[in-house]
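Trainee: coords00.pdb is the file, holding PDB, C-alpha atoms and all ligand atoms:
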ATOM      1  CA  MET A   1      35.909  50.217  55.255  1.00  0.00           C
ATOM      2  CA  ALA A   2      35.809  52.719  52.412  1.00  0.00           C
ATOM      3  CA  ALA A   3      37.509  56.053  53.100  1.00  0.00           C
ATOM      4  CA  GLN A   4      35.140  58.853  54.010  1.00  0.00           C
ATOM      5  CA  ILE A   5      35.754  62.011  52.036  1.00  0.00           C
ATOM      6  CA  ARG A   6      34.014  65.294  51.347  1.00  0.00           C
ATOM      7  CA  LEU A   7      34.368  67.371  48.195  1.00  0.00           C
ATOM      8  CA  VAL A   8      34.596  71.003  49.311  1.00  0.00           C
ATOM      9  CA  GLU A   9      34.535  74.220  47.302  1.00  0.00           C
ATOM     10  CA  ILE A  10      37.749  76.214  47.340  1.00  0.00           C
ATOM     11  CA  THR A  11      37.472  79.695  48.815  1.00  0.00           C
ATOM     12  CA  ASP A  12      39.817  82.288  50.317  1.00  0.00           C
ATOM     13  CA  ALA A  13      39.369  80.459  53.624  1.00  0.00           C
ATOM     14  CA  ASN A  14      40.911  77.160  52.481  1.00  0.00           C
ATOM     15  CA  ARG A  15      42.854  77.994  49.306  1.00  0.00           C
ATOM     16  CA  GLU A  16      46.232  78.167  51.025  1.00  0.00           C
ATOM     17  CA  ALA A  17      45.820  74.802  52.745  1.00  0.00           C
ATOM     18  CA  VAL A  18      44.800  73.134  49.482  1.00  0.00           C
ATOM     19  CA  VAL A  19      47.645  74.696  47.481  1.00  0.00           C
ATOM     20  CA  ALA A  20      50.047  73.365  50.123  1.00  0.00           C
ATOM     21  CA  LEU A  21      49.193  69.744  49.175  1.00  0.00           C
ATOM     22  CA  ARG A  22      52.150  68.050  47.513  1.00  0.00           C
ATOM     23  CA  VAL A  23      52.634  64.646  45.889  1.00  0.00           C
ATOM     24  CA  HIS A  24      55.929  62.769  46.325  1.00  0.00           C
ATOM     25  CA  PRO A  25      58.715  64.500  44.348  1.00  0.00           C
ATOM     26  CA  ALA A  26      59.018  61.445  42.047  1.00  0.00           C
ATOM     27  CA  GLN A  27      55.293  61.816  41.200  1.00  0.00           C
ATOM     28  CA  GLU A  28      55.549  65.430  40.049  1.00  0.00           C
ATOM     29  CA  GLN A  29      56.158  64.198  36.490  1.00  0.00           C
ATOM     30  CA  PHE A  30      52.672  62.638  36.527  1.00  0.00           C
ATOM     31  CA  VAL A  31      50.526  65.485  37.802  1.00  0.00           C
ATOM     32  CA  ALA A  32      50.553  69.299  37.870  1.00  0.00           C
ATOM     33  CA  SER A  33      50.304  71.106  41.211  1.00  0.00           C
ATOM     34  CA  VAL A  34      47.105  72.554  42.617  1.00  0.00           C
ATOM     35  CA  GLU A  35      48.383  76.061  41.888  1.00  0.00           C
ATOM     36  CA  ALA A  36      49.132  75.185  38.243  1.00  0.00           C
ATOM     37  CA  SER A  37      45.675  73.602  38.018  1.00  0.00           C
ATOM     38  CA  PHE A  38      44.037  76.891  39.013  1.00  0.00           C
ATOM     39  CA  ARG A  39      46.060  78.598  36.277  1.00  0.00           C
ATOM     40  CA  HIS A  40      45.110  75.976  33.676  1.00  0.00           C
ATOM     41  CA  ALA A  41      41.457  76.286  34.675  1.00  0.00           C
ATOM     42  CA  ALA A  42      41.562  80.085  34.286  1.00  0.00           C
ATOM     43  CA  GLU A  43      43.319  79.809  30.907  1.00  0.00           C
ATOM     44  CA  GLN A  44      40.834  77.300  29.459  1.00  0.00           C
ATOM     45  CA  PRO A  45      37.262  78.265  30.280  1.00  0.00           C
ATOM     46  CA  GLU A  46      36.122  76.294  27.197  1.00  0.00           C
ATOM     47  CA  ALA A  47      37.337  73.160  28.991  1.00  0.00           C
ATOM     48  CA  LYS A  48      34.602  73.789  31.597  1.00  0.00           C
ATOM     49  CA  PRO A  49      36.823  73.365  34.668  1.00  0.00           C
ATOM     50  CA  TRP A  50      35.172  72.112  37.860  1.00  0.00           C
ATOM     51  CA  PHE A  51      37.339  71.535  40.890  1.00  0.00           C
ATOM     52  CA  ARG A  52      37.042  70.671  44.541  1.00  0.00           C
ATOM     53  CA  ALA A  53      39.292  70.185  47.540  1.00  0.00           C
ATOM     54  CA  VAL A  54      39.028  66.752  49.115  1.00  0.00           C
ATOM     55  CA  TYR A  55      38.694  66.565  52.889  1.00  0.00           C
ATOM     56  CA  ASP A  56      38.753  63.834  55.463  1.00  0.00           C
ATOM     57  CA  GLY A  57      37.006  65.527  58.356  1.00  0.00           C
ATOM     58  CA  ASP A  58      38.692  68.922  58.637  1.00  0.00           C
ATOM     59  CA  VAL A  59      41.924  67.821  56.949  1.00  0.00           C
ATOM     60  CA  PRO A  60      42.530  68.594  53.257  1.00  0.00           C
ATOM     61  CA  VAL A  61      43.956  65.417  51.695  1.00  0.00           C
ATOM     62  CA  GLY A  62      43.584  65.929  47.959  1.00  0.00           C
ATOM     63  CA  PHE A  63      42.393  67.832  44.936  1.00  0.00           C
ATOM     64  CA  VAL A  64      40.286  66.867  41.947  1.00  0.00           C
ATOM     65  CA  MET A  65      39.511  68.747  38.734  1.00  0.00           C
ATOM     66  CA  LEU A  66      37.217  67.730  35.903  1.00  0.00           C
ATOM     67  CA  SER A  67      36.061  69.090  32.621  1.00  0.00           C
ATOM     68  CA  TRP A  68      32.382  69.123  33.398  1.00  0.00           C
ATOM     69  CA  ASN A  69      30.104  68.686  30.403  1.00  0.00           C
ATOM     70  CA  LEU A  70      32.257  70.386  27.821  1.00  0.00           C
ATOM     71  CA  VAL A  71      31.588  70.356  24.095  1.00  0.00           C
ATOM     72  CA  PRO A  72      34.123  67.852  22.732  1.00  0.00           C
ATOM     73  CA  GLY A  73      36.301  69.063  19.864  1.00  0.00           C
ATOM     74  CA  PRO A  74      39.573  68.239  18.171  1.00  0.00           C
ATOM     75  CA  GLU A  75      41.574  69.246  21.257  1.00  0.00           C
ATOM     76  CA  LEU A  76      39.068  68.654  24.040  1.00  0.00           C
ATOM     77  CA  ARG A  77      37.824  65.263  25.122  1.00  0.00           C
ATOM     78  CA  GLY A  78      34.649  64.862  27.070  1.00  0.00           C
ATOM     79  CA  PRO A  79      31.920  65.725  27.842  1.00  0.00           C
ATOM     80  CA  TYR A  80      33.293  64.549  31.231  1.00  0.00           C
ATOM     81  CA  PHE A  81      37.080  64.402  31.553  1.00  0.00           C
ATOM     82  CA  LEU A  82      39.052  63.709  34.734  1.00  0.00           C
ATOM     83  CA  TRP A  83      41.619  66.445  34.323  1.00  0.00           C
ATOM     84  CA  ARG A  84      43.497  66.292  37.618  1.00  0.00           C
ATOM     85  CA  LEU A  85      43.557  64.004  40.635  1.00  0.00           C
ATOM     86  CA  LEU A  86      46.073  64.137  43.411  1.00  0.00           C
ATOM     87  CA  ILE A  87      46.343  62.917  46.964  1.00  0.00           C
ATOM     88  CA  GLY A  88      48.904  64.525  49.284  1.00  0.00           C
ATOM     89  CA  ALA A  89      52.040  62.412  49.703  1.00  0.00           C
ATOM     90  CA  GLY A  90      51.295  61.568  53.331  1.00  0.00           C
ATOM     91  CA  PHE A  91      47.718  60.545  52.600  1.00  0.00           C
ATOM     92  CA  GLN A  92      48.132  58.130  49.689  1.00  0.00           C
ATOM     93  CA  GLY A  93      47.267  54.445  49.861  1.00  0.00           C
ATOM     94  CA  ARG A  94      44.361  54.912  52.269  1.00  0.00           C
ATOM     95  CA  GLY A  95      41.561  54.623  49.757  1.00  0.00           C
ATOM     96  CA  TYR A  96      41.032  58.347  49.221  1.00  0.00           C
ATOM     97  CA  GLY A  97      41.715  58.206  45.476  1.00  0.00           C
ATOM     98  CA  THR A  98      39.134  55.448  45.076  1.00  0.00           C
ATOM     99  CA  ALA A  99      36.625  57.303  47.255  1.00  0.00           C
ATOM    100  CA  ILE A 100      37.035  60.442  45.117  1.00  0.00           C
ATOM    101  CA  LEU A 101      36.360  58.491  41.943  1.00  0.00           C
ATOM    102  CA  ASP A 102      33.261  56.957  43.571  1.00  0.00           C
ATOM    103  CA  GLU A 103      31.988  60.424  44.466  1.00  0.00           C
ATOM    104  CA  VAL A 104      32.822  61.968  41.090  1.00  0.00           C
ATOM    105  CA  VAL A 105      31.162  59.074  39.243  1.00  0.00           C
ATOM    106  CA  SER A 106      28.044  59.488  41.330  1.00  0.00           C
ATOM    107  CA  LEU A 107      27.921  63.247  40.684  1.00  0.00           C
ATOM    108  CA  ILE A 108      28.442  63.069  36.940  1.00  0.00           C
ATOM    109  CA  ARG A 109      26.076  60.132  36.504  1.00  0.00           C
ATOM    110  CA  ALA A 110      23.414  62.255  38.179  1.00  0.00           C
ATOM    111  CA  ASP A 111      24.258  64.904  35.569  1.00  0.00           C
ATOM    112  CA  GLY A 112      23.718  62.429  32.720  1.00  0.00           C
ATOM    113  CA  ALA A 113      27.278  61.261  32.024  1.00  0.00           C
ATOM    114  CA  THR A 114      27.676  57.851  30.376  1.00  0.00           C
ATOM    115  CA  GLU A 115      31.468  57.725  30.533  1.00  0.00           C
ATOM    116  CA  LEU A 116      34.419  59.383  32.255  1.00  0.00           C
ATOM    117  CA  ILE A 117      37.539  59.927  30.188  1.00  0.00           C
ATOM    118  CA  THR A 118      41.063  60.564  31.438  1.00  0.00           C
ATOM    119  CA  SER A 119      44.662  60.369  30.300  1.00  0.00           C
ATOM    120  CA  TYR A 120      47.938  59.721  32.065  1.00  0.00           C
ATOM    121  CA  VAL A 121      51.662  60.307  31.724  1.00  0.00           C
ATOM    122  CA  PRO A 122      53.308  56.895  31.233  1.00  0.00           C
ATOM    123  CA  GLY A 123      56.327  55.888  33.312  1.00  0.00           C
ATOM    124  CA  GLU A 124      57.501  54.014  36.378  1.00  0.00           C
ATOM    125  CA  GLY A 125      55.099  54.813  39.238  1.00  0.00           C
ATOM    126  CA  SER A 126      52.394  56.219  36.948  1.00  0.00           C
ATOM    127  CA  PRO A 127      48.760  56.071  38.099  1.00  0.00           C
ATOM    128  CA  LEU A 128      47.853  53.599  35.296  1.00  0.00           C
ATOM    129  CA  PRO A 129      47.503  50.577  37.656  1.00  0.00           C
ATOM    130  CA  PHE A 130      45.248  52.647  39.929  1.00  0.00           C
ATOM    131  CA  TYR A 131      42.957  53.554  37.022  1.00  0.00           C
ATOM    132  CA  LEU A 132      42.894  50.012  35.569  1.00  0.00           C
ATOM    133  CA  ARG A 133      42.063  48.627  38.982  1.00  0.00           C
ATOM    134  CA  TYR A 134      39.127  51.003  39.191  1.00  0.00           C
ATOM    135  CA  GLY A 135      37.768  49.887  35.816  1.00  0.00           C
ATOM    136  CA  PHE A 136      39.161  52.364  33.291  1.00  0.00           C
ATOM    137  CA  VAL A 137      40.228  50.782  30.000  1.00  0.00           C
ATOM    138  CA  PRO A 138      42.687  52.114  27.407  1.00  0.00           C
ATOM    139  CA  THR A 139      40.974  53.307  24.220  1.00  0.00           C
ATOM    140  CA  GLY A 140      44.167  52.905  22.187  1.00  0.00           C
ATOM    141  CA  GLU A 141      44.284  56.638  21.453  1.00  0.00           C
ATOM    142  CA  ILE A 142      47.199  58.865  22.413  1.00  0.00           C
ATOM    143  CA  ASP A 143      46.585  62.600  22.821  1.00  0.00           C
ATOM    144  CA  ALA A 144      48.664  65.439  21.369  1.00  0.00           C
ATOM    145  CA  ASP A 145      50.877  65.437  24.466  1.00  0.00           C
ATOM    146  CA  GLY A 146      51.615  61.709  24.122  1.00  0.00           C
ATOM    147  CA  GLU A 147      49.246  60.711  26.925  1.00  0.00           C
ATOM    148  CA  PRO A 148      47.256  57.484  26.417  1.00  0.00           C
ATOM    149  CA  ILE A 149      43.488  57.894  26.807  1.00  0.00           C
ATOM    150  CA  LEU A 150      41.464  55.813  29.280  1.00  0.00           C
ATOM    151  CA  VAL A 151      37.703  55.537  29.541  1.00  0.00           C
ATOM    152  CA  LEU A 152      35.417  54.383  32.327  1.00  0.00           C
ATOM    153  CA  ASP A 153      32.030  53.147  31.124  1.00  0.00           C
ATOM    154  CA  LEU A 154      29.308  54.347  33.487  1.00  0.00           C
ATOM    155  CA  THR A 155      26.329  52.737  31.830  1.00  0.00           C
ATOM    156  CA  GLY A 156      26.656  49.433  33.679  1.00  0.00           C
ATOM    157  CA  ARG A 157      27.716  50.764  37.100  1.00  0.00           C
TER     158      ARG A 157
HETATM  159  C1  LIG B   1      47.138  57.928  41.958  1.00  0.00           C
HETATM  160  C2  LIG B   1      46.472  58.455  43.259  1.00  0.00           C
HETATM  161  C3  LIG B   1      45.445  59.524  42.900  1.00  0.00           C
HETATM  162  C4  LIG B   1      45.808  57.265  43.951  1.00  0.00           C
HETATM  163  O1  LIG B   1      45.206  57.716  45.161  1.00  0.00           O
HETATM  164  P1  LIG B   1      45.315  56.865  46.510  1.00  0.00           P
HETATM  165  O2  LIG B   1      44.442  57.476  47.512  1.00  0.00           O
HETATM  166  O3  LIG B   1      46.755  56.687  46.847  1.00  0.00           O
HETATM  167  O4  LIG B   1      44.727  55.459  45.993  1.00  0.00           O
HETATM  168  P2  LIG B   1      43.912  54.354  46.821  1.00  0.00           P
HETATM  169  O5  LIG B   1      44.436  54.313  48.220  1.00  0.00           O
HETATM  170  O6  LIG B   1      42.451  54.582  46.620  1.00  0.00           O
HETATM  171  O7  LIG B   1      44.424  53.062  46.011  1.00  0.00           O
HETATM  172  C5  LIG B   1      43.578  52.118  45.413  1.00  0.00           C
HETATM  173  C6  LIG B   1      44.426  50.970  44.890  1.00  0.00           C
HETATM  174  O8  LIG B   1      45.283  51.442  43.821  1.00  0.00           O
HETATM  175  C7  LIG B   1      46.645  51.160  44.129  1.00  0.00           C
HETATM  176  N1  LIG B   1      47.463  52.289  43.651  1.00  0.00           N
HETATM  177  C8  LIG B   1      47.305  53.587  43.936  1.00  0.00           C
HETATM  178  N2  LIG B   1      48.227  54.326  43.282  1.00  0.00           N
HETATM  179  C9  LIG B   1      48.989  53.443  42.591  1.00  0.00           C
HETATM  180  C10 LIG B   1      50.116  53.570  41.723  1.00  0.00           C
HETATM  181  N3  LIG B   1      50.640  54.770  41.401  1.00  0.00           N
HETATM  182  N4  LIG B   1      50.634  52.436  41.170  1.00  0.00           N
HETATM  183  C11 LIG B   1      50.129  51.216  41.473  1.00  0.00           C
HETATM  184  N5  LIG B   1      49.056  51.040  42.276  1.00  0.00           N
HETATM  185  C12 LIG B   1      48.499  52.140  42.819  1.00  0.00           C
HETATM  186  C13 LIG B   1      46.695  51.066  45.642  1.00  0.00           C
HETATM  187  O9  LIG B   1      47.803  50.293  46.060  1.00  0.00           O
HETATM  188  C14 LIG B   1      45.361  50.408  45.947  1.00  0.00           C
HETATM  189  O10 LIG B   1      45.464  49.034  45.756  1.00  0.00           O
HETATM  190  P3  LIG B   1      45.004  48.015  46.970  1.00  0.00           P
HETATM  191  O11 LIG B   1      43.522  48.202  47.076  1.00  0.00           O
HETATM  192  O12 LIG B   1      45.436  46.677  46.467  1.00  0.00           O
HETATM  193  O13 LIG B   1      45.731  48.476  48.162  1.00  0.00           O
HETATM  194  C15 LIG B   1      47.516  59.040  44.239  1.00  0.00           C
HETATM  195  O14 LIG B   1      48.452  58.067  44.594  1.00  0.00           O
HETATM  196  C16 LIG B   1      48.262  60.241  43.696  1.00  0.00           C
HETATM  197  O15 LIG B   1      47.860  61.376  43.931  1.00  0.00           O
HETATM  198  N6  LIG B   1      49.385  60.025  42.977  1.00  0.00           N
HETATM  199  C17 LIG B   1      50.210  61.116  42.497  1.00  0.00           C
HETATM  200  C18 LIG B   1      49.535  61.964  41.488  1.00  0.00           C
HETATM  201  C19 LIG B   1      49.002  61.221  40.280  1.00  0.00           C
HETATM  202  O16 LIG B   1      49.690  60.408  39.664  1.00  0.00           O
HETATM  203  N7  LIG B   1      47.751  61.540  39.962  1.00  0.00           N
HETATM  204  C20 LIG B   1      47.072  61.048  38.804  1.00  0.00           C
HETATM  205  C21 LIG B   1      47.392  61.968  37.699  1.00  0.00           C
HETATM  206  S1  LIG B   1      46.348  61.755  36.316  1.00  0.00           S
END
So, in terms of structure tokens, how does the structure I just supplied come out?
Ligand SMILES: CC(C)(COP(=O)(O)OP(=O)(O)OC[C@H]1O[C@@H](n2cnc3c(N)ncnc32)[C@H](O)[C@@H]1OP(=O)(O)O)[C@@H](O)C(=O)NCCC(=O)NCCS
Mentor:
Amino acid sequence: MAAQIRLVEITDANREAVVALRVHPAQEQFVASVEASFRHAAEQPEAKPWFRAVYDGDVPVGFVMLSWNLVPGPELRGPYFLWRLLIGAGFQGRGYGTAILDEVVSLIRADGATELITSYVPGEGSPLPFYLRYGFVPTGEIDADGEPILVLDLTGR
């Protein structure tokens, strides 16, 4: 059965619990923390940050951040860019990551998106197999930070 998740706005009431989510230490090279994500969002309003905590029932299990309908430019890909996705170390491998992508795809499609773009840090244990399995394909481009670009076509889904 598919994992049941809820995307929940982050407020003073739940911020601490969401910031406390950690990936495995060996995965920290692949993804910034929730706290750093808040900082990046505040520093780059032009990237149109949109983020949510991910809950299973009352338990925070993950965090997702997108660029939501930005104006693409030389340094910003979009309009819809999966900027951050992380599942807490103890909650991985239960289908939450897939369920989040399902939910995000549904939300952005309703907003008119035709594709979802992302990038990843290459290396042993990177999320590339997870993204390929979901249907993302490499575009062949590499961004300024050396991260390969992936795209998920939403027109046929
Ligand atoms: C990558 C991540 C978001 C996947 O979330 P998840 O909830 O563990 O993934 P799911 O349980 O939905 O996995 C779906 C499938 O992908 C596979 N998968 C997940 N992460 C994988 C990885 N890093 N490498 C290889 N396969 C992976 C799972 O084994 C599963 O396959 P199965 O259906 O055959 O069992 C999560 O593991 C994570 O937060 N990793 C650390 C942070 C990170 O790398 N984030 C992405 C940064 S851009």
Trainee: Wanna dump the region 40-59 of chain A-region 13-19 of chain A contacts at 12 Å for me, each residue with its shortest atom pair and the distance in Å to one decimal, counting all atoms listed in the file, ordered by chain and number, as JSON lines?
Mentor:
{"residue": "A:Phe51", "atom": "CA", "partner": "A:Val18", "partner_atom": "CA", "distance": 11.5}
{"residue": "A:Arg52", "atom": "CA", "partner": "A:Val18", "partner_atom": "CA", "distance": 9.5}
{"residue": "A:Ala53", "atom": "CA", "partner": "A:Val18", "partner_atom": "CA", "distance": 6.5}
{"residue": "A:Val54", "atom": "CA", "partner": "A:Val18", "partner_atom": "CA", "distance": 8.6}
{"residue": "A:Tyr55", "atom": "CA", "partner": "A:Val18", "partner_atom": "CA", "distance": 9.6}
{"residue": "A:Asp58", "atom": "CA", "partner": "A:Asn14", "partner_atom": "CA", "distance": 10.5}
{"residue": "A:Val59", "atom": "CA", "partner": "A:Ala17", "partner_atom": "CA", "distance": 9.0}
Trainee: Dump the neighbourhood of ligand LIG 1 (chain B) as a PyMOL selection string: all residues within 7 Å, distances computed on only C-alpha atoms and all ligand atoms.
Mentor: chain A and resi 23+27+30-31+83-88+91-99+119-120+125-130+133
Trainee: Leaving out Trp50 (chain A) and any residue of its chain fewer than 3 positions from it, which residues lie within 8 Å of it when counting all atoms listed in the file, given as a ChimeraX atom specification?
Mentor: /A:65-68
Trainee: To verify the selection step, state as an MDAnalysis selection string which residues the PyMOL selection byres (((chain A and resi 104) around 10) and not hetatm) yields on this input.
Mentor: chainID A and resid 7 64:66 82 98:103 105:110 116
Trainee: What is the CA of Pro72 (chain A) to CA of Leu132 (chain A) distance in Å?
Mentor: 23.7 Å
Trainee: Would you work out the distance separating CA of Glu46 (chain A) from CA of Leu154 (chain A), expressed in Å to one decimal?
Mentor: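 Between CA of Glu46 (chain A) and CA of Leu154 (chain A) the gap works out to 23.8 Å.
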Trainee: Using all atoms listed in the file, pick whichever of A:Val34, A:Ile117, A:Ala3, A:Ala89 has the shortest atom-to-atom distance to Leu70 (chain A).
Mentor: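 Smallest separation from Leu70 (chain A) among the options: A:Ile117.
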Trainee: Which residues are close to Tyr131 (chain A), i.e. within 9 Å by all atoms listed in the file, leaving aside same-chain residues fewer than 6 positions away? Reply as a PyMOL selection string.
Mentor: chain A and resi 137+150+152
Trainee: Quote the spacing between CA of Tyr80 (chain A) and CA of Glu115 (chain A) in Å to one decimal place.
Mentor: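 Atom-to-atom, CA of Tyr80 (chain A) and CA of Glu115 (chain A) are spaced 7.1 Å apart.
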